[in-house]
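Chemist: Can you keep this structure in mind? I'll have questions shortly.
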Amino acid sequence: MNYFEESLNLHRSLKGKIRVSAKMDVRSKDDLSLVYSPGVAAPCRAIAANPDDVYKYTIKSNTVAIVTDGSAVLGLGDIGPAASIPVMEGKAMLFKRFANIDAFPICLDTQDTDKIVETVRLIAPVFGGVNLEDISAPRSFEIERRLQDLGIPVFHDDQHGTAIVTLAGLLNGCKLVNKKMEDLKVVINGAGAAGIAIARLLKAVDNPDSAYATPVKNIVVCDSKGIIHRKRDNLNYAKIELLEFTNENDEEGTLKDALVGADVFIGVSIADLLDRNDIATMARDSIIFAMANPTPEIMPEEAKAGGAAIVGTGRSDLPNQINNVLGFPGIFRGALDARAPRITPNMKLAAAHAIAEHIRNPTVDGVIPPTLDEQVAWRVADEVRRVAIEEFGQRG
């Protein structure tokens, strides 16, 4: 199938992939009087008297805003808010399909950090959570950070969703190659939102004492200029902060220099960067997660020819698809059900372990659950809800 041509035809015929549906019909005067005037005054008064009742009487308890500015859309780059709508509609469909959450695209015609933060604050009353999506780094870090006091979960999926699913795959991969997480040298190529979040989660920077934490030994992060090290004078603040917990030996050089002796390569960058000779310089039984889309940093057969034991990509037509859909529906389901005011580092680690443990007997071509496995989201939701209640108590 030509997915590009057929997708264009599909979107043209449907004129968008989502819609708003009423939960009941309005067929009589009594119906009208219950859902609208005069009856609707009763829930309005109840919420005015007790604002927390908004969760009891409205869609807030099960509704997520998918907020983007269209500046970093999955492999397409800065295409703007209007062109990003089809992606956000697709995201909304996945929320509904896998976790029965009502989500709606909010595509903002600004890339001003202050305006995005203000807008999310202004629209927050109707939503139970906010999924930040496809916002370029480092602005995405600041936007998420400044919204953590909103009282509802605000989660940048390009950062944390990718990191959570990557960690899940790596946990199972280590079992198969008989390596321990705490002994690994990991090379990450790509120092944007996903790469930095992966580094933080693999190092358990935000909760090193957690029962779920298994920090890796050493992480070296590379960008388009090579290894991020302390002597470089062209680093933004996010990359400078990276050096607080990565590149412990202050290595310098190129990506290929960094790979020598490494146990794991994680790519969140661009296509066709590596070949079998590069993989051959890595440690024995290396793990490769090459997640550039639609073309990975290295194709699985080429990586395995270089000695890789396990290879994952972001593609659905190849084994071990590292895909956020394994994470965000269940994470939000659990957070919404627990009425969590935010998504904590422990909740992220719990989600990763839940995804990994869903595979009872991992294989080299099955270190991560299939993306269409309907049970994954509910298993993740249970763990996230449990941790949220431990951290915040039972709310609502």
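Just so we're on the same page: first chain in the structure tokens is A, next is B, and so on; residues restart at 1 for each chain, and ligands are numbered from 1 in the order they show up.
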What are the DSSP alpha helix (DSSP H) residues of range 237-319 of chain A, as a PyMOL selection string?

Modeler: chain A and resi 237-242+255-259+276-280+300-305

Chemist: Which polymer residues have any atom within 6 Å of an atom of Lys185 in chain A, counting only C-alpha atoms, with same-chain residues fewer than 4 positions away left out, as a short mmCIF file (atom, residue, chain, number, x, y, z; two decimals) with all heavy atoms, in the first residue's frame?

Modeler:
data_model
loop_
_atom_site.label_atom_id
_atom_site.label_comp_id
_atom_site.auth_asym_id
_atom_site.auth_seq_id
_atom_site.Cartn_x
_atom_site.Cartn_y
_atom_site.Cartn_z
N ASN A 218 26.97 5.04 32.35
CA ASN A 218 27.49 6.23 31.66
C ASN A 218 26.67 6.49 30.41
O ASN A 218 26.34 5.55 29.68
CB ASN A 218 28.96 6.04 31.30
CG ASN A 218 29.59 7.31 30.73
OD1 ASN A 218 29.12 8.43 30.99
ND2 ASN A 218 30.65 7.16 29.95
N ILE A 219 26.34 7.72 30.17
CA ILE A 219 25.63 8.13 28.96
C ILE A 219 26.44 9.21 28.27
O ILE A 219 26.90 10.17 28.91
CB ILE A 219 24.22 8.69 29.30
CG1 ILE A 219 23.35 7.60 29.92
CG2 ILE A 219 23.55 9.25 28.05
CD1 ILE A 219 21.99 8.08 30.37
N ALA A 262 30.73 0.98 23.27
CA ALA A 262 29.41 1.25 23.88
C ALA A 262 28.53 0.01 23.81
O ALA A 262 28.62 -0.81 22.89
CB ALA A 262 28.72 2.41 23.19
N ASP A 263 27.65 -0.14 24.80
CA ASP A 263 26.71 -1.27 24.84
C ASP A 263 25.42 -0.97 24.11
O ASP A 263 24.77 -1.89 23.60
CB ASP A 263 26.37 -1.59 26.30
CG ASP A 263 27.59 -1.97 27.11
OD1 ASP A 263 28.09 -3.10 26.94
OD2 ASP A 263 28.06 -1.12 27.90
#

Chemist: Name all residues at most 12 Å from range 49-52 of chain A (count only C-alpha atoms; drop same-chain ones fewer than 6 positions away) and give them as a ChimeraX atom specification.

Modeler: /A:42-43,58,60-61,125-126,128,151,339,395-396

Chemist: Keeping N, CA and C atoms for every residue in the selection just given, could you write it to a file as an mmCIF file, in the first residue's frame?

Modeler:
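Okay, this is what ended up in again_6.cif:
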data_model
loop_
_atom_site.group_PDB
_atom_site.id
_atom_site.type_symbol
_atom_site.label_atom_id
_atom_site.label_comp_id
_atom_site.auth_asym_id
_atom_site.auth_seq_id
_atom_site.Cartn_x
_atom_site.Cartn_y
_atom_site.Cartn_z
ATOM 1 N N ALA A 42 -28.554 23.606 37.973
ATOM 2 C CA ALA A 42 -28.231 22.869 39.199
ATOM 3 C C ALA A 42 -26.758 22.463 39.257
ATOM 4 N N PRO A 43 -26.211 21.793 38.226
ATOM 5 C CA PRO A 43 -24.774 21.485 38.288
ATOM 6 C C PRO A 43 -23.902 22.738 38.270
ATOM 7 N N THR A 58 -18.917 17.300 34.880
ATOM 8 C CA THR A 58 -18.542 17.729 33.528
ATOM 9 C C THR A 58 -17.544 16.763 32.893
ATOM 10 N N LYS A 60 -14.511 17.245 32.382
ATOM 11 C CA LYS A 60 -13.133 17.499 32.818
ATOM 12 C C LYS A 60 -12.398 16.244 33.263
ATOM 13 N N SER A 61 -13.091 15.331 33.887
ATOM 14 C CA SER A 61 -12.426 14.158 34.463
ATOM 15 C C SER A 61 -11.863 13.212 33.414
ATOM 16 N N PRO A 125 -9.471 25.145 32.583
ATOM 17 C CA PRO A 125 -10.643 24.733 33.366
ATOM 18 C C PRO A 125 -11.429 23.568 32.785
ATOM 19 N N VAL A 126 -11.452 23.401 31.482
ATOM 20 C CA VAL A 126 -12.280 22.348 30.893
ATOM 21 C C VAL A 126 -11.550 21.021 30.760
ATOM 22 N N GLY A 128 -8.847 17.832 31.976
ATOM 23 C CA GLY A 128 -8.278 17.107 33.101
ATOM 24 C C GLY A 128 -6.794 16.892 32.973
ATOM 25 N N GLY A 151 -2.210 22.169 38.488
ATOM 26 C CA GLY A 151 -3.156 21.359 39.245
ATOM 27 C C GLY A 151 -3.688 20.169 38.480
ATOM 28 N N ARG A 339 -6.703 11.424 39.809
ATOM 29 C CA ARG A 339 -6.792 12.883 39.972
ATOM 30 C C ARG A 339 -5.435 13.465 40.363
ATOM 31 N N ARG A 395 -7.619 11.229 45.819
ATOM 32 C CA ARG A 395 -8.263 12.542 45.584
ATOM 33 C C ARG A 395 -9.597 12.321 44.903
ATOM 34 N N GLY A 396 -10.587 13.084 45.300
ATOM 35 C CA GLY A 396 -11.861 13.035 44.633
ATOM 36 C C GLY A 396 -12.668 11.779 44.966
#

Chemist: Got a sec to tell me which of range 127-293 of chain A DSSP assigns to strand (DSSP E or B), as JSON, numbers by chain?

Modeler: {"A": [129, 130, 131, 132, 154, 155, 156, 185, 186, 187, 188, 189, 218, 219, 220, 221, 222, 223, 226, 227, 264, 265, 266, 267, 287, 288, 289, 290]}

Chemist: Using only C-alpha atoms, which residue out of A:Ser140, A:Thr281, A:Asn172, A:Asn9 lies closest to His353 in chain A?

Modeler: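 Of the candidates, the smallest distance to His353 in chain A is held by A:Asn172.
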
Chemist: Find the residues near Val364 in chain A: any atom within 10 Å, counting only C-alpha atoms, skip ones fewer than 5 places away on the same chain, and give them as a list in words.

Modeler: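 Those residues are Asn172, Gly173, Leu176, Val177, Ile287, Ala309, Ile310, Val311, Gly312, Pro319 and Asn320 of chain A.
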
Chemist: Grab the CA of Thr254 in chain A to CA of Lys304 in chain A distance for me, in Å with one decimal place.

Modeler: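 Computing the Euclidean distance for CA of Thr254 in chain A and CA of Lys304 in chain A yields 22.0 Å.
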
Chemist: Using only C-alpha atoms, find the one residue out of A:Asn131, A:Asn323, A:Asn207, A:Thr371 that sits nearest to Thr162 in chain A.

Modeler: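 Using only C-alpha atoms, Thr162 in chain A sits closest to A:Asn323.
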
Chemist: For Thr344 in chain A, list every protein, DNA or RNA residue within 12 Å, evaluated using only C-alpha atoms, and leave out those in the same chain fewer than 4 positions away; present the list as number ranges by chain.

Modeler: A: 148, 152-155, 160, 201, 204, 206-207, 210, 331-332, 335, 340, 348-351, 384-385, 387-392

Chemist: Find the residues near Lys23 in chain A: any atom within 12 Å, counting only C-alpha atoms, skip ones fewer than 3 places away on the same chain, and give them as a PyMOL selection string.

Modeler: chain A and resi 20+26+35+58-59

Chemist: Go ahead and write the residues just picked, all heavy atoms, as an mmCIF file, in the first residue's frame.

Modeler:
data_model
loop_
_atom_site.group_PDB
_atom_site.id
_atom_site.type_symbol
_atom_site.label_atom_id
_atom_site.label_comp_id
_atom_site.auth_asym_id
_atom_site.auth_seq_id
_atom_site.Cartn_x
_atom_site.Cartn_y
_atom_site.Cartn_z
ATOM 1 N N VAL A 20 -17.167 15.480 17.791
ATOM 2 C CA VAL A 20 -17.794 15.519 19.105
ATOM 3 C C VAL A 20 -19.125 14.782 19.029
ATOM 4 O O VAL A 20 -19.918 15.016 18.108
ATOM 5 C CB VAL A 20 -18.017 16.976 19.562
ATOM 6 C CG1 VAL A 20 -18.784 17.001 20.882
ATOM 7 C CG2 VAL A 20 -16.688 17.701 19.701
ATOM 8 N N VAL A 26 -31.363 14.310 22.598
ATOM 9 C CA VAL A 26 -32.320 15.304 23.084
ATOM 10 C C VAL A 26 -33.555 15.187 22.207
ATOM 11 O O VAL A 26 -33.590 15.679 21.084
ATOM 12 C CB VAL A 26 -31.724 16.719 23.029
ATOM 13 C CG1 VAL A 26 -32.755 17.738 23.502
ATOM 14 C CG2 VAL A 26 -30.462 16.804 23.874
ATOM 15 N N VAL A 35 -30.669 18.892 30.032
ATOM 16 C CA VAL A 35 -29.303 19.137 29.557
ATOM 17 C C VAL A 35 -29.021 20.626 29.402
ATOM 18 O O VAL A 35 -27.856 21.046 29.392
ATOM 19 C CB VAL A 35 -29.026 18.406 28.224
ATOM 20 C CG1 VAL A 35 -29.275 16.913 28.364
ATOM 21 C CG2 VAL A 35 -29.832 18.988 27.064
ATOM 22 N N THR A 58 -18.917 17.300 34.880
ATOM 23 C CA THR A 58 -18.542 17.729 33.528
ATOM 24 C C THR A 58 -17.544 16.763 32.893
ATOM 25 O O THR A 58 -17.113 15.782 33.505
ATOM 26 C CB THR A 58 -17.909 19.140 33.535
ATOM 27 O OG1 THR A 58 -16.555 19.051 33.999
ATOM 28 C CG2 THR A 58 -18.697 20.098 34.418
ATOM 29 N N ILE A 59 -17.137 17.098 31.684
ATOM 30 C CA ILE A 59 -16.198 16.258 30.934
ATOM 31 C C ILE A 59 -14.763 16.373 31.437
ATOM 32 O O ILE A 59 -13.883 15.650 30.952
ATOM 33 C CB ILE A 59 -16.228 16.617 29.430
ATOM 34 C CG1 ILE A 59 -15.782 18.069 29.202
ATOM 35 C CG2 ILE A 59 -17.593 16.350 28.837
ATOM 36 C CD1 ILE A 59 -15.635 18.442 27.729
#

Chemist: Would you list the contacts of Cys174 in chain A as a ChimeraX atom specification, taking every protein, DNA or RNA residue within 10 Å and counting only C-alpha atoms, but skipping same-chain residues closer than 6 positions in sequence?

Modeler: /A:180-181,184,263-264,285-287,310,367

Chemist: My list of candidates is A:Met347, A:Ala377, A:Met282, A:Ile355. Which is closest to Leu170 in chain A when distances are computed with only C-alpha atoms?

Modeler: A:Ile355

Chemist: Would you mind reading off the distance between CA of Phe265 in chain A and CA of Ile288 in chain A, one decimal, in Å?

Modeler: 4.9 Å

Chemist: Rounded to one decimal, what separation in Å do you get between CA of Asn346 in chain A and CA of Val165 in chain A?

Modeler: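 About the pair CA of Asn346 in chain A and CA of Val165 in chain A: they are 14.6 Å apart.
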
Chemist: Counting only C-alpha atoms, which residues of range 136-207 of chain A fall within 10 Å of range 101-112 of chain A, and what is the closest atom pair for each with its distance in Å at one decimal, ordered by chain and rising number, as a tab-separated table?

Modeler:
residue	atom	partner	partner_atom	distance
A:Ser136	CA	A:Gln111	CA	9.1
A:Arg139	CA	A:Gln111	CA	8.7
A:Ile143	CA	A:Asp112	CA	9.9

Chemist: I need the chosen residues saved as a CSV table (one decimal), in the first residue's frame, with N, CA, C and O atoms.

Modeler:
chain,number,residue,atom,x,y,z
A,136,SER,N,9.2,22.4,19.7
A,136,SER,CA,10.6,22.3,19.6
A,136,SER,C,11.3,22.6,20.9
A,136,SER,O,10.9,23.4,21.7
A,139,ARG,N,12.4,25.2,24.0
A,139,ARG,CA,11.2,25.9,24.5
A,139,ARG,C,10.2,24.9,25.2
A,139,ARG,O,9.6,25.2,26.1
A,143,ILE,N,8.2,25.4,28.7
A,143,ILE,CA,6.7,25.4,28.7
A,143,ILE,C,6.2,24.3,29.7
A,143,ILE,O,5.3,24.6,30.6

Chemist: Please determine, counting only C-alpha atoms, which residue among A:Ala292, A:Val221, A:Ala280, A:Met93 has the shortest atom-to-atom distance to Asn247 in chain A.

Modeler: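 Smallest distance to Asn247 in chain A is found for A:Val221.
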
Chemist: With distances taken over only C-alpha atoms, which of A:Arg342, A:Arg360, A:Lys217, A:Arg379 is nearest to Lys175 in chain A?

Modeler: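 Using only C-alpha atoms, the shortest distance to Lys175 in chain A belongs to A:Arg360.
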
Chemist: Looking at A:Gly192, A:Glu5, A:Pro81, A:Arg230, which one is nearest to Glu248 in chain A, with distances taken over only C-alpha atoms?

Modeler: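 Ranking A:Gly192, A:Glu5, A:Pro81, A:Arg230 by distance to Glu248 in chain A, first place goes to A:Arg230.
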